[in-house]
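The structure appears below as structure tokens.
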Amino acid sequence: MPESSDPLLKVEDLRTQFETDHGTVRAVDGVSFELPRRKTVCIVGESGCGKSVTGRSILQVVDKPGKVTGGRMLWHGETGSAPVDLASLDPKGSEIRRIRGNEISMVFQEPMTSLSPVHTIGNQIMEAVRIHTDLDMAAAKERVIEALDQVGMPKPAERFDAYTFQLSGGMRQRAMIAMALVCRPKLLIADEPTTALDVTTQAQILRLLASLQAELDMSVLFVTHDMGVVAQIADEVVVMYLGTVVESGPVEQIFHDPQHPYTQALLAAVPRIGQDRSDRLVTIRGTVPGPQARPPGCPFHPRCDHVRPGECDVREPRTVTIAPRRDVRCVLAEDQEESHE
């Protein structure tokens, strides 16, 4: 049977909001992107841009008072069958619970707060196996030990009975990855899984994810702010700013020909090998606005070096497709499109 050409996940105009005492926070504001099968898509941007909320929205695990309020998330989990709109599912319903942890899994940002300190690693991982499979206790334990061994956990049979405080940061992260992969999902969402780790352990985790992706034939949605990590692992990149996608496309095009001023600024801020010690590091002026201080017009215009007063601060630009699988949301892209017409 020929493989489906449909993306594994197609997100269309996703909107996630938090109703607070001070007003509505639009954490995810019309996000659209596709996740191809067996590929790695990286969502990048500064803190506060909505990257993690986007990942949590896919699994319907947004913390209260947040909730998905609009858009579609079309999940093509079963090849040849009709897609499931994850956005339409009850966050506590049986259908999303069947998908969550089974077909789609997530590695959260901080393993120490994501793992229970009063239960052993093995029991926590085995819970997912017992929920989503028909394996008995002995077979489930064997599957967990196999998963721990798969992620490179030293002496996995002994670690089964270990508590989180008995493990190093790198080992806790491996346990989190084992928990996410124990049911062999089609999609792994990794929310900055290397942020709290040292450089050596970070490199080990990235190599581990790459090898497991190839071994299990799965797709990866990787949330990060580190452009160096993006260059190392991504097939495609989604650049977010203040809840919106400002640019997306293949990683080679994003790095070698960035079109949006925000993407250009992110890449310019990356330190370079051989850079003169006397040279100042490039920074993006200003900061990401707070949720209650969202500017009118293009959300990036207060920090943009190419801002057009009377235009960028008045209306939001539309998304322009400048090449296959290559979108930019900026007035500069609009000008480029009009000049080619």
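The chains in the structure tokens are called A, B, ... from first to last as shown; in each chain the residues are counted from 1, and the ligands are counted from 1 in the order shown.
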- Task: Identify, on the basis of only C-alpha atoms, every residue whose closest approach to Ser57 of chain A does not exceed 12 Å; exclude the query and any residue fewer than 4 positions from it along the same chain; express the result as JSON, numbers by chain.
- Result: {"A": [11, 14, 15, 16, 17, 27, 28, 29, 31, 50, 51, 52, 53, 61, 62, 63, 64, 66, 67, 68, 69, 70, 71, 72, 73, 86, 87, 88, 89, 91, 96, 100, 106, 189]}
- Message: For the structure I just gave you, how does DSSP split segment 94-337 of chain A - specifically, which residues are strand (DSSP E)? Reply as a count of residues only.
- Response: 37
Rows by chain and residue number, segment 8-122 of chain A within 12 Å of segment 225-235 of chain A, shortest pair, only C-alpha atoms, as CSV:
```
residue,atom,partner,partner_atom,distance
A:Glu34,CA,A:Asp235,CA,12.0
A:Leu35,CA,A:Asp235,CA,10.0
A:Pro36,CA,A:Asp235,CA,9.5
A:Arg37,CA,A:Asp235,CA,11.1
A:Arg38,CA,A:Asp235,CA,9.8
A:Lys39,CA,A:Asp235,CA,6.2
A:Thr40,CA,A:Ala234,CA,5.2
A:Val41,CA,A:Ala234,CA,5.7
A:Cys42,CA,A:Ala234,CA,5.8
A:Ile43,CA,A:His225,CA,8.1
A:Val44,CA,A:His225,CA,5.1
A:Gly45,CA,A:His225,CA,5.3
A:Glu46,CA,A:His225,CA,5.9
A:Ser47,CA,A:His225,CA,7.5
A:Gly48,CA,A:His225,CA,10.6
A:Cys49,CA,A:His225,CA,10.0
A:Gly50,CA,A:His225,CA,11.4
A:Lys51,CA,A:His225,CA,9.1
A:Ser52,CA,A:His225,CA,10.7
```
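Minimum distance to Gly152 of chain A across A:Leu181, A:Ile205, A:Ile284, A:Val328 (counting only C-alpha atoms) occurs at A:Ile205.
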Can you write out as a tab-separated table which residues of segment 126-154 of chain A fall within 10 Å of segment 169-179 of chain A, alongside each residue's closest atom pair and its distance in Å to one decimal, counting only C-alpha atoms and ordering rows by chain and ascending residue number?
```
residue	atom	partner	partner_atom	distance
A:Met126	CA	A:Met179	CA	8.1
A:Glu127	CA	A:Met179	CA	9.2
A:Ala128	CA	A:Met179	CA	7.4
A:Val129	CA	A:Met179	CA	9.0
A:Val144	CA	A:Ala178	CA	7.8
A:Ile145	CA	A:Ala178	CA	9.2
A:Glu146	CA	A:Ala178	CA	9.1
A:Ala147	CA	A:Ala178	CA	5.4
A:Leu148	CA	A:Ala178	CA	5.6
A:Asp149	CA	A:Ala178	CA	8.7
A:Gln150	CA	A:Ala178	CA	7.7
A:Val151	CA	A:Arg174	CA	6.0
A:Gly152	CA	A:Arg174	CA	7.4
A:Met153	CA	A:Met171	CA	6.6
A:Pro154	CA	A:Met171	CA	8.6
```
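Straight-line separation from atom CA of Thr54 of chain A to atom CA of Phe108 of chain A: 12.8 Å.
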- Task: Using only C-alpha atoms, find the one residue out of A:Thr195, A:Gln259, A:Ser94, A:Thr224 that sits nearest to Gln336 of chain A.
- Result: A:Gln259
